[in-house]
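Engineer: A single structure is presented below for examination.
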Amino acid sequence: MNRTLRLLLLIVVAVVQLAVAGDAIVRYELTLRYGESLRFRVQPIDPVDSFRGRYVALTFEANRAEIPEGLEIPNRGWIFVPVVVGEDGFARLGAVSLSRPSSGPYLRLRSGVEGQDEEGRRVAWVNLPFRRLYMKEELAAETERAMWRRGRRQASVLVYVRDGVGVAKDLLIEGTPVREWIANGGAEQPPAQQ
Amino acid sequence: MGRLAARRLLSELPRLEAVGVIDATTAERIREHYASHPAFSSRRLAMAISAVLGTLLIGAGVILLLAHNWEHLGRGLRAAVSLAPLVVSQALVGWVVVRRFESIAWREGCATLLALTVAAALALVDQTYNMGGDLESFLWRWSLLLAPLPWLLNSTAVATIFLAALTWWAGAAKVDGHEVLWLWPLAAAVVPHAFQVLSSDRRGLRAANLGWACAVFLSVAAGLGLEYRVPGLWIVVYCGLFALMIAVGVAVRGDEDGMWRRPFEAVGVAGSFVLWLILSFVHPWKHIGWDHIRTTERFHAVASWLDVALAACLPLAAIVAMAVLLDRRRHKLAMLWGLSVPLVAVVWPIVAASGAEWLGVFAFNLLVFAVGIATIAEGLKGESLARVNLGMVLVAALVIVRFFDSELGFVVKGLAFIAVGIGFLAANLVLSRRLRRDAGATS
């Protein structure tokens with residue numbers, strides 16, 4: 001292979017590498033700027049990733065979506081799930097569809113295992129893509145410790161949703177951003193009524 | 001001739017010259033010939049190794065620095081920081097392609113830096129936007145972006161990093177219960193680079209290094225790539241794989257000096273050693289075969305059939321390779337190590353059909369013992385201390401695992417240990433005496 005061809009191919013590979021990283025930046029930045037903000041109830045724990053640092057892993061209460069009568073969903077295929085806000089102000093997942101909803105916020109997700117809920121309805125278990133919140137090493141560990149000090153706290157995550165993409169922005173403990181809550185000594189106060 | 005053999009020959013020259021076997025002119029001509037031998041260009045190799053190690057450390061340092069999470073920098077700046085090292089390393093690699101492509105040190109060093117900055121860029125974007133899913137998803141994207149680099153930059157270091165990332169991805173995906181069918185097509189991205197290396201310097205150290213990366217990858221990936229729908233099929237797959245590695249390794253690089261230059265043979269022998277010992281226990285033989293096919297979990301149909309195809313093709317390929325590539329007289333020991341293939345072809349179906357687990361256990365205990373003794377005998381015959389010790393280690397390992405496993409009394413176990421220990425010492429004593437006597441006779 002001559003030098004020019006090798007250089008051209010390298011440029012193509014370099015553009016693809018930059019495009020993969022750049023496309024993610026543009027998509028998530030647009031979602032954070034123009035997306036709809038929603039709050040999901042979560043339970044945070046603190047593990048570590050060898051490449052991306054320390055994070056708070058989020059376990060969502062909204063982890064399954066109802067499958068309407070007669071709808072067959074593809075195994076690990078793409079599905080669309082509307083996000084609705086309940087009376088308590090927290091987000092819940094609506095019924096699965098195979099096409100984009102015409103209105104309201106929705107998420108584009110991979111379908112998980114199909115099963116039944118407590119009332120015998122067909123549901124699809126889903127993994128929400130924003131299940132990690134990366135933080136400074138000390139803050140991630142402190143968050144998990146503070147969450148359980150003097151009893152369990154109510155935790156939620158602030159998510160921006162736009163065109164099927166969801167981006168997590170902050171962890172809220174008892175309604176306050178986690179950094180602010182720890183800085184103001186929130187962990188030393190007794191848990192708020194849930 | 002390999003580097004070590006050439007060195008040995010050069011060290012022998014003064015003695016050969018002194019006893020009149022060769023004259024001074026011939027000795028000088030031999031010295032000149034091996035002084036210009038490419039195997040002696042160790043400076044270039046050292047430079048390449050230090051370039052790769054240096055960039056590996058710098059790249060790993062960059063990843064660790066970014067992993068700290070500099071959240072006070074703000075999203076915009078962090079996005080720019082995540083792309084900057086990637087752009088710089090891409091530009092550097094572009095310069096190397098234009099100006100320094102013939103230098104292995106520049107090529108390997110800059111390609112390694114690019115591979116690591118791709119990881120750093122993906123990691124920092126994921127971190128900034130709290131995205132990217134699990135480690136598995138990160139490793140998959142990284143592997144995909146690395147795939148063309150080994151061939152494009154003719155870089156063995158990147159090929160090794162790529163195979164490691166791909167193996168790590170397959171492991172993480174398996175833990176999460178996902179199938180890893182794309183493992184094999186993506187791993188094939190290394191094949192064009194293997195041709196590059198083999199065509200430029202088949203006997204060189206780069207070919208050996210790539211051989212190690214491929215051999216270790218194949219050994220681990222074979223296990224990760226299986227769907228395990230038919231219990232026990234892995235036994236057939238691994239027996240075939242290791243026998244094939246030994247046959248191909250011995251045929252292609254069997255005359256090379258030192259174990260590092262014979263990667264497939266070394267991994268095949270080490271893998272067979274561990275596999276056979278595992279198969280000398282009863283557990284792997286329990287509930288194997290079609291009668292115990294798993295139906296309760298979800299399995300990928302194509303991946304399940306791939307298991308069957310591998311179980312049929314690998315042992316067959318091993319037998320064909322032994323018949324076609326190996327010389328029955330010269331490669332007797334390698335063929336002996338391939339005995340597990342016909343053995344498993346007979347024993348596996350019988351155990352699967354009848355549930356006679358004892359047959360598998362008996363067969364592999366016998367195999368370990370017989371091959372161990374035969375290796376010792378071959379070593380004594382060929383006066384190779386390494387072979388004698390390999391055979392001894394095989395027999396000793398069998399005795400040790402049975403020590404913990406069997407219901408034999410302490411006295412019997414103790415006597416068996418003493419007997420094997422005496423055997424070790426006696427064989428080494430006999431062989432070293434013989435070697436000393438031969439050395440004395442030639443001087």
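Just remember, in the structure tokens the first chain shown is A, the second B, etc., residues are 1-based per chain, and ligands are 1-based in the order shown.
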Using only C-alpha atoms, find the residues of chain A whose closest atom to chain B is at most 6 Å away, then write them as a PyMOL selection string.
Structural biologist: chain A and resi 21+52-53+129-130+132-134+136
Engineer: Output N, CA and C atoms of each residue in that selection to a file, as a PDB file, in the first residue's frame.
Structural biologist:
ATOM      1  N   ALA A  21     -16.950  10.255  19.035  1.00  0.00           N
ATOM      2  CA  ALA A  21     -16.879  11.046  20.273  1.00  0.00           C
ATOM      3  C   ALA A  21     -17.660  12.357  20.120  1.00  0.00           C
ATOM      4  N   ARG A  52     -13.296   5.276  33.369  1.00  0.00           N
ATOM      5  CA  ARG A  52     -14.049   6.522  33.467  1.00  0.00           C
ATOM      6  C   ARG A  52     -14.143   7.067  34.883  1.00  0.00           C
ATOM      7  N   GLY A  53     -13.489   6.429  35.805  1.00  0.00           N
ATOM      8  CA  GLY A  53     -13.427   6.961  37.154  1.00  0.00           C
ATOM      9  C   GLY A  53     -14.556   6.480  38.045  1.00  0.00           C
ATOM     10  N   PRO A 129     -30.466   4.094  30.008  1.00  0.00           N
ATOM     11  CA  PRO A 129     -29.062   4.317  29.609  1.00  0.00           C
ATOM     12  C   PRO A 129     -28.300   5.245  30.548  1.00  0.00           C
ATOM     13  N   PHE A 130     -29.022   6.061  31.318  1.00  0.00           N
ATOM     14  CA  PHE A 130     -28.337   7.030  32.192  1.00  0.00           C
ATOM     15  C   PHE A 130     -28.292   6.496  33.623  1.00  0.00           C
ATOM     16  N   ARG A 132     -25.575   5.849  35.412  1.00  0.00           N
ATOM     17  CA  ARG A 132     -24.329   6.170  36.113  1.00  0.00           C
ATOM     18  C   ARG A 132     -24.206   7.682  36.232  1.00  0.00           C
ATOM     19  N   LEU A 133     -23.783   8.161  37.404  1.00  0.00           N
ATOM     20  CA  LEU A 133     -23.462   9.585  37.563  1.00  0.00           C
ATOM     21  C   LEU A 133     -22.007   9.666  37.996  1.00  0.00           C
ATOM     22  N   TYR A 134     -21.140  10.156  37.092  1.00  0.00           N
ATOM     23  CA  TYR A 134     -19.710  10.224  37.406  1.00  0.00           C
ATOM     24  C   TYR A 134     -19.448  11.412  38.320  1.00  0.00           C
ATOM     25  N   LYS A 136     -16.452  13.242  41.408  1.00  0.00           N
ATOM     26  CA  LYS A 136     -15.096  13.234  41.956  1.00  0.00           C
ATOM     27  C   LYS A 136     -14.981  12.060  42.921  1.00  0.00           C
TER      28      LYS A 136
END
Engineer: If you count only C-alpha atoms, which residues fall within 8 Å of Ala48 (chain B), apart from same-chain ones fewer than 6 positions away, as a VMD selection string?
Structural biologist: chain B and resid 104 to 106 108 to 109
Engineer: Residues as selected, C-alpha atoms, written as a compact mmCIF listing (two decimals), in the first residue's frame, can you do that?
Structural biologist:
# COMPACT_ATOMS: atom_id res chain seq x y z
CA ILE B 104 9.27 0.52 14.06
CA ALA B 105 9.82 2.58 17.23
CA TRP B 106 7.97 5.65 15.88
CA GLU B 108 4.53 1.34 17.31
CA GLY B 109 4.90 4.16 19.84
Engineer: What does the distance from CA of Ala323 (chain B) to CA of Ala247 (chain B) come to in Å, to one decimal?
Structural biologist: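 CA of Ala323 (chain B) sits 9.2 Å away from CA of Ala247 (chain B).
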Engineer: Which of these, A:Glu144, A:Glu69, A:Asp163, A:Glu180, has the shortest distance to Ala57 (chain A) once you count only C-alpha atoms?
Structural biologist: A:Glu144
Engineer: Tell me, counting only C-alpha atoms, for each residue of region 337-396 of chain B within 12 Å of region 324-330 of chain B, which pair of atoms is nearest and how far apart they are in Å to one decimal, in rows ordered by chain and increasing number, as a Markdown table.
Structural biologist:
| residue | atom | partner | partner_atom | distance |
| --- | --- | --- | --- | --- |
| B:Gly338 | CA | B:Leu326 | CA | 11.2 |
| B:Glu378 | CA | B:Arg330 | CA | 11.3 |
| B:Gly382 | CA | B:Arg330 | CA | 11.2 |
Engineer: Would you save the residues of that selection, restricted to C-alpha atoms, as an mmCIF file, in the first residue's frame?
Structural biologist:
data_model
loop_
_atom_site.group_PDB
_atom_site.id
_atom_site.type_symbol
_atom_site.label_atom_id
_atom_site.label_comp_id
_atom_site.auth_asym_id
_atom_site.auth_seq_id
_atom_site.Cartn_x
_atom_site.Cartn_y
_atom_site.Cartn_z
ATOM 1 C CA GLY B 338 -2.297 -34.369 20.280
ATOM 2 C CA GLU B 378 11.773 -38.556 24.898
ATOM 3 C CA GLY B 382 17.156 -36.588 23.176
#
Engineer: Can you list, as an MDAnalysis selection string, every protein, DNA or RNA residue that comes within 7 Å of region 267-280 of chain B when you count only C-alpha atoms, leaving out same-chain residues fewer than 4 positions away?
Structural biologist: chainID B and resid 215 242:243 245:246 263 284 361 364:365 368 398
Engineer: Which residues come within 10 Å of Trp305 (chain B), counting only C-alpha atoms, excluding same-chain residues fewer than 3 positions away, as a PyMOL selection string?
Structural biologist: chain B and resi 226-227+229-230+300-302+308-311
Engineer: What would the file look like if the residues just selected were written as an mmCIF file, in the first residue's frame with N, CA and C atoms?
Structural biologist:
data_model
loop_
_atom_site.group_PDB
_atom_site.id
_atom_site.type_symbol
_atom_site.label_atom_id
_atom_site.label_comp_id
_atom_site.auth_asym_id
_atom_site.auth_seq_id
_atom_site.Cartn_x
_atom_site.Cartn_y
_atom_site.Cartn_z
ATOM 1 N N LEU B 226 -18.224 -19.334 23.557
ATOM 2 C CA LEU B 226 -19.165 -20.460 23.535
ATOM 3 C C LEU B 226 -20.494 -20.086 24.204
ATOM 4 N N GLU B 227 -21.574 -20.690 23.724
ATOM 5 C CA GLU B 227 -22.905 -20.399 24.268
ATOM 6 C C GLU B 227 -23.272 -21.389 25.387
ATOM 7 N N ARG B 229 -24.832 -24.224 25.402
ATOM 8 C CA ARG B 229 -26.182 -24.799 25.422
ATOM 9 C C ARG B 229 -26.119 -26.322 25.612
ATOM 10 N N VAL B 230 -25.127 -26.936 24.933
ATOM 11 C CA VAL B 230 -24.924 -28.377 25.138
ATOM 12 C C VAL B 230 -23.825 -28.528 26.190
ATOM 13 N N HIS B 300 -28.928 -17.984 22.141
ATOM 14 C CA HIS B 300 -28.889 -17.478 20.780
ATOM 15 C C HIS B 300 -28.689 -18.658 19.841
ATOM 16 N N ALA B 301 -29.621 -18.805 18.870
ATOM 17 C CA ALA B 301 -29.604 -20.003 18.015
ATOM 18 C C ALA B 301 -28.302 -20.100 17.217
ATOM 19 N N VAL B 302 -27.874 -18.979 16.606
ATOM 20 C CA VAL B 302 -26.665 -19.019 15.767
ATOM 21 C C VAL B 302 -25.438 -19.347 16.624
ATOM 22 N N VAL B 308 -21.387 -26.050 18.134
ATOM 23 C CA VAL B 308 -21.346 -27.385 17.525
ATOM 24 C C VAL B 308 -20.322 -27.401 16.375
ATOM 25 N N ALA B 309 -20.335 -26.324 15.580
ATOM 26 C CA ALA B 309 -19.394 -26.253 14.451
ATOM 27 C C ALA B 309 -17.949 -26.264 14.951
ATOM 28 N N LEU B 310 -17.678 -25.509 16.028
ATOM 29 C CA LEU B 310 -16.314 -25.482 16.577
ATOM 30 C C LEU B 310 -15.927 -26.854 17.114
ATOM 31 N N ALA B 311 -16.881 -27.508 17.808
ATOM 32 C CA ALA B 311 -16.592 -28.837 18.380
ATOM 33 C C ALA B 311 -16.318 -29.858 17.291
#
Engineer: Using DSSP assignments from the backbone, pull out every residue in region 16-117 of chain A that falls under strand (DSSP E) and give it to me as a ChimeraX atom specification.
Structural biologist: /A:36-45,48-49,53-60,64-66,78-85,91-93,106-116
Engineer: As a list in words, please: every residue in region 33-191 of chain A that a backbone DSSP assignment puts in alpha helix (DSSP H).
Structural biologist: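 Of region 33-191 of chain A, the ones in alpha helix (DSSP H) are Arg33, Tyr34, Glu137, Glu138, Leu139, Ala140, Ala141, Glu142, Thr143, Glu144, Arg145, Ala146, Met147, Trp148, Val178, Arg179, Glu180, Trp181, Ile182 and Ala183 of chain A.
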Engineer: I'd like the contact shell of Val248 (chain B) - 9 Å cut-off, only C-alpha atoms, skipping same-chain residues fewer than 5 positions apart - returned as a PyMOL selection string.
Structural biologist: chain B and resi 243+253-254+264-265+318+321-322+325-326
Engineer: Please determine, counting only C-alpha atoms, which residue among B:Gly54, B:Gly249, B:Pro150, B:Gly289 has the shortest atom-to-atom distance to Val351 (chain B).
Structural biologist: B:Gly289
Engineer: Could you please determine the separation between CA of Leu116 (chain B) and CA of Ile58 (chain B) in Å, to one decimal place?
Structural biologist: 9.0 Å
Engineer: What is the CA of Ser340 (chain B)-CA of Ala353 (chain B) distance in Å, reported with one decimal?
Structural biologist: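 Going from CA of Ser340 (chain B) over to CA of Ala353 (chain B) covers 19.4 Å.
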